[in-house]
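Q: My structure is stored as input_19.pdb, with PDB, C-alpha atoms.
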ATOM      1  CA  MET F   1     -23.221  -9.810  -3.528
ATOM      2  CA  GLY F   2     -21.668  -6.725  -2.039
ATOM      3  CA  ILE F   3     -21.195  -3.250  -3.448
ATOM      4  CA  LEU F   4     -17.681  -4.121  -4.657
ATOM      5  CA  ALA F   5     -18.612  -7.330  -6.460
ATOM      6  CA  GLY F   6     -16.389  -7.761  -9.489
ATOM      7  CA  LYS F   7     -14.130  -4.838  -8.566
ATOM      8  CA  ASN F   8     -10.347  -4.994  -8.223
ATOM      9  CA  ILE F   9      -8.793  -2.992  -5.403
ATOM     10  CA  VAL F  10      -5.126  -2.313  -4.624
ATOM     11  CA  VAL F  11      -4.437  -1.698  -0.933
ATOM     12  CA  THR F  12      -1.152  -0.248   0.272
ATOM     13  CA  GLY F  13       0.100  -0.110   3.833
ATOM     14  CA  VAL F  14      -1.034  -3.454   5.268
ATOM     15  CA  LEU F  15       1.418  -4.536   7.953
ATOM     16  CA  THR F  16      -0.645  -5.982  10.771
ATOM     17  CA  GLU F  17      -4.220  -7.048  11.387
ATOM     18  CA  ALA F  18      -4.580  -3.901  13.501
ATOM     19  CA  SER F  19      -3.823  -1.577  10.567
ATOM     20  CA  LEU F  20      -6.547   0.477   8.963
ATOM     21  CA  ALA F  21      -5.418  -0.861   5.596
ATOM     22  CA  PHE F  22      -6.006  -4.464   6.734
ATOM     23  CA  GLY F  23      -9.540  -3.556   7.805
ATOM     24  CA  VAL F  24     -10.221  -1.916   4.453
ATOM     25  CA  ALA F  25      -8.830  -4.916   2.548
ATOM     26  CA  GLN F  26     -10.939  -7.306   4.598
ATOM     27  CA  LEU F  27     -14.092  -5.224   4.154
ATOM     28  CA  ALA F  28     -13.444  -4.874   0.413
ATOM     29  CA  GLN F  29     -13.196  -8.663   0.128
ATOM     30  CA  ARG F  30     -16.386  -9.135   2.113
ATOM     31  CA  GLU F  31     -18.097  -6.726  -0.270
ATOM     32  CA  GLY F  32     -16.990  -8.835  -3.232
ATOM     33  CA  ALA F  33     -13.715  -7.226  -4.374
ATOM     34  CA  THR F  34     -10.544  -8.949  -5.414
ATOM     35  CA  VAL F  35      -7.750  -7.370  -3.395
ATOM     36  CA  LEU F  36      -4.071  -6.966  -4.230
ATOM     37  CA  LEU F  37      -1.734  -5.750  -1.484
ATOM     38  CA  THR F  38       1.590  -3.970  -1.780
ATOM     39  CA  GLY F  39       4.557  -4.015   0.541
ATOM     40  CA  ALA F  40       8.064  -2.617   0.586
ATOM     41  CA  GLY F  41      11.467  -3.347   2.013
ATOM     42  CA  ARG F  42      11.629  -5.275   5.259
ATOM     43  CA  GLY F  43       7.867  -4.880   5.605
ATOM     44  CA  LEU F  44       7.191  -6.943   2.485
ATOM     45  CA  SER F  45       7.474 -10.279   4.306
ATOM     46  CA  ILE F  46       5.272  -8.940   7.120
ATOM     47  CA  THR F  47       2.650  -7.922   4.567
ATOM     48  CA  GLU F  48       2.825 -11.373   2.983
ATOM     49  CA  ARG F  49       2.187 -13.048   6.351
ATOM     50  CA  THR F  50      -0.654 -10.685   7.177
ATOM     51  CA  ALA F  51      -2.203 -11.194   3.715
ATOM     52  CA  ARG F  52      -2.757 -14.843   4.611
ATOM     53  CA  LYS F  53      -4.964 -13.727   7.534
ATOM     54  CA  LEU F  54      -7.550 -12.107   5.293
ATOM     55  CA  ASP F  55     -10.772 -14.015   4.654
ATOM     56  CA  SER F  56      -9.321 -14.891   1.261
ATOM     57  CA  PRO F  57      -5.512 -14.707   1.169
ATOM     58  CA  ALA F  58      -4.426 -11.852  -1.094
ATOM     59  CA  GLN F  59      -1.562 -11.612  -3.554
ATOM     60  CA  VAL F  60       1.206  -9.200  -2.482
ATOM     61  CA  VAL F  61       3.482  -7.262  -4.836
ATOM     62  CA  GLU F  62       6.520  -5.177  -4.007
ATOM     63  CA  PHE F  63       6.005  -1.429  -4.298
ATOM     64  CA  ASP F  64       8.462   0.967  -2.686
ATOM     65  CA  VAL F  65       7.272   4.451  -3.608
ATOM     66  CA  THR F  66      10.854   5.754  -3.426
ATOM     67  CA  VAL F  67      12.052   3.400  -6.173
ATOM     68  CA  ALA F  68      11.136   4.604  -9.670
ATOM     69  CA  ASP F  69      11.352   1.108 -11.176
ATOM     70  CA  HIS F  70       8.733  -0.128  -8.711
ATOM     71  CA  ILE F  71       6.149   2.216 -10.191
ATOM     72  CA  VAL F  72       6.349   0.327 -13.474
ATOM     73  CA  SER F  73       6.777  -3.144 -11.943
ATOM     74  CA  ALA F  74       3.864  -2.673  -9.513
ATOM     75  CA  ARG F  75       1.637  -1.399 -12.326
ATOM     76  CA  GLU F  76       2.550  -4.417 -14.460
ATOM     77  CA  ALA F  77       2.012  -6.804 -11.528
ATOM     78  CA  ALA F  78      -1.418  -5.292 -10.871
ATOM     79  CA  LYS F  79      -2.302  -5.666 -14.544
ATOM     80  CA  SER F  80      -1.076  -9.263 -14.518
ATOM     81  CA  HIS F  81      -2.913 -10.264 -11.326
ATOM     82  CA  LEU F  82      -6.063  -8.192 -11.690
ATOM     83  CA  GLY F  83      -6.428  -7.238 -15.339
ATOM     84  CA  ARG F  84      -7.645  -3.795 -14.372
ATOM     85  CA  VAL F  85      -7.670  -1.671 -11.202
ATOM     86  CA  ASP F  86     -10.957  -0.153 -10.067
ATOM     87  CA  GLY F  87      -9.744   1.446  -6.855
ATOM     88  CA  VAL F  88      -6.675   2.108  -4.739
ATOM     89  CA  LEU F  89      -6.218   2.794  -1.030
ATOM     90  CA  HIS F  90      -3.221   4.933  -0.088
ATOM     91  CA  SER F  91      -2.248   3.962   3.436
ATOM     92  CA  ILE F  92       1.517   4.402   3.301
ATOM     93  CA  GLY F  93       3.355   6.072   6.131
ATOM     94  CA  PHE F  94       6.911   6.159   7.400
ATOM     95  CA  ALA F  95       9.174   8.518   9.319
ATOM     96  CA  PRO F  96      12.745   8.059  10.526
ATOM     97  CA  ALA F  97      13.133   7.785  14.301
ATOM     98  CA  SER F  98      14.414  11.355  14.568
ATOM     99  CA  CYS F  99      11.011  12.609  13.365
ATOM    100  CA  LEU F 100       9.128  10.714  16.054
ATOM    101  CA  GLY F 101       8.786  11.344  19.741
ATOM    102  CA  ASP F 102       8.892  14.418  21.920
ATOM    103  CA  ASP F 103      11.679  16.434  20.287
ATOM    104  CA  PHE F 104      10.430  17.100  16.788
ATOM    105  CA  MET F 105      12.792  20.088  16.557
ATOM    106  CA  ALA F 106      15.742  17.674  16.512
ATOM    107  CA  ALA F 107      14.759  16.248  13.127
ATOM    108  CA  GLN F 108      16.926  17.316  10.210
ATOM    109  CA  TRP F 109      15.443  18.137   6.803
ATOM    110  CA  SER F 110      16.966  14.997   5.306
ATOM    111  CA  ASP F 111      14.819  12.894   7.666
ATOM    112  CA  VAL F 112      11.739  15.098   7.339
ATOM    113  CA  SER F 113      11.945  14.929   3.535
ATOM    114  CA  VAL F 114      11.978  11.113   3.704
ATOM    115  CA  ALA F 115       8.862  11.174   5.901
ATOM    116  CA  MET F 116       7.119  13.617   3.548
ATOM    117  CA  GLU F 117       8.044  11.680   0.396
ATOM    118  CA  ILE F 118       6.860   8.343   1.728
ATOM    119  CA  SER F 119       3.843   9.452   3.767
ATOM    120  CA  ALA F 120       2.433  12.285   1.659
ATOM    121  CA  TYR F 121       4.018  12.729  -1.772
ATOM    122  CA  SER F 122       3.578   9.017  -2.399
ATOM    123  CA  LEU F 123      -0.132   9.704  -2.910
ATOM    124  CA  LYS F 124       0.815  11.467  -6.164
ATOM    125  CA  THR F 125       3.109   8.586  -7.095
ATOM    126  CA  LEU F 126       0.369   6.046  -6.415
ATOM    127  CA  ALA F 127      -2.214   8.076  -8.342
ATOM    128  CA  GLU F 128       0.097   8.345 -11.368
ATOM    129  CA  ALA F 129       0.823   4.616 -11.265
ATOM    130  CA  SER F 130      -2.901   3.842 -11.041
ATOM    131  CA  CYS F 131      -3.934   6.192 -13.848
ATOM    132  CA  HIS F 132      -1.729   4.405 -16.339
ATOM    133  CA  SER F 133      -2.806   0.862 -15.488
TER     134      SER F 133
END
Let's see the structure in the file written out as structure tokens.
A:
Amino acid sequence: MGILAGKNIVVTGVLTEASLAFGVAQLAQREGATVLLTGAGRGLSITERTARKLDSPAQVVEFDVTVADHIVSAREAAKSHLGRVDGVLHSIGFAPASCLGDDFMAAQWSDVSVAMEISAYSLKTLAEASCHS
């Protein structure tokens, strides 16, 4: 029995086995937790494939933090699959190509705001979704 025995953990941001989120999900399982992963957009199918590489394949639900309806649907999916949520890992990050690389001054606010909403403000979104589950 590990320190997370009987706990239910939602992990966001798993794309590959090399991701920090994958390592956290794997460790949580090894410590006894039931893990639910989230994915969004084109990355959803990648998350589903990577979920099968965990010690115990994890359920994946769609959760795009920029889609208001997903807040409710992800909360309901977590409730359906887990019953209750004991912990959440925020590991979501995205930036348009113009925000990456050597010329950060070339990025327009419209691209920067997308990066900020998905990578930072989504913590608030995730916390609100988790508090009402």
Q: Within 12 Å of Ala78 in chain F, counting only C-alpha atoms, which residues qualify if same-chain residues fewer than 2 places away don't, as an NGL selection string?
A: :F and (8-11 or 34-38 or 59-63 or 70-76 or 80-88 or 129-130 or 132-133)
Q: Compute the distance from (-1.1, -4.8, 10.3) to each atom, counting only C-alpha atoms, keep the residues with any atom at most 12 Å away, and return them as a CSV table (one decimal) with C-alpha atoms, in the frame of the given file; use the coordinates of the file.
A:
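Saved the output as out36.csv:
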chain,number,residue,atom,x,y,z
F,12,THR,CA,-1.2,-0.2,0.3
F,13,GLY,CA,0.1,-0.1,3.8
F,14,VAL,CA,-1.0,-3.5,5.3
F,15,LEU,CA,1.4,-4.5,8.0
F,16,THR,CA,-0.6,-6.0,10.8
F,17,GLU,CA,-4.2,-7.0,11.4
F,18,ALA,CA,-4.6,-3.9,13.5
F,19,SER,CA,-3.8,-1.6,10.6
F,20,LEU,CA,-6.5,0.5,9.0
F,21,ALA,CA,-5.4,-0.9,5.6
F,22,PHE,CA,-6.0,-4.5,6.7
F,23,GLY,CA,-9.5,-3.6,7.8
F,24,VAL,CA,-10.2,-1.9,4.5
F,25,ALA,CA,-8.8,-4.9,2.5
F,26,GLN,CA,-10.9,-7.3,4.6
F,37,LEU,CA,-1.7,-5.8,-1.5
F,39,GLY,CA,4.6,-4.0,0.5
F,43,GLY,CA,7.9,-4.9,5.6
F,44,LEU,CA,7.2,-6.9,2.5
F,45,SER,CA,7.5,-10.3,4.3
F,46,ILE,CA,5.3,-8.9,7.1
F,47,THR,CA,2.6,-7.9,4.6
F,48,GLU,CA,2.8,-11.4,3.0
F,49,ARG,CA,2.2,-13.0,6.4
F,50,THR,CA,-0.7,-10.7,7.2
F,51,ALA,CA,-2.2,-11.2,3.7
F,52,ARG,CA,-2.8,-14.8,4.6
F,53,LYS,CA,-5.0,-13.7,7.5
F,54,LEU,CA,-7.6,-12.1,5.3
F,91,SER,CA,-2.2,4.0,3.4
F,92,ILE,CA,1.5,4.4,3.3
Q: If the box runs along x, y and z of the file and leaves 8 Å on each side of range 82-100 of chain F, what are its centre and edge lengths in Å, one decimal, as JSON?
A:
{"center_x": 1.7, "center_y": 2.2, "center_z": 0.4, "size_x": 41.4, "size_y": 36.8, "size_z": 47.4}
Q: Calculated over only C-alpha atoms, which of the candidates F:Ala40, F:Ala33, F:Met105, F:Ala120 has the smallest distance to Ala58 in chain F?
A: F:Ala33
Q: Please, what distance in Å, to one decimal, runs between CA of Cys99 in chain F and CA of Val112 in chain F?
A: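 Computing it gives 6.6 Å between the two atoms.
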Q: Just to confirm, what's the straight-line distance from CA of Val65 in chain F to CA of Leu123 in chain F in Å (one decimal)?
A: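 A separation of 9.1 Å between them.
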Q: Under the PyMOL selection byres ((chain F and resi 111) around 12), which residues of this model are included? Write them out as a list in words.
A: Phe94, Ala95, Pro96, Ala97, Ser98, Cys99, Leu100, Phe104, Met105, Ala106, Ala107, Gln108, Trp109, Ser110, Val112, Ser113, Val114, Ala115, Met116, Glu117 and Ile118 of chain F
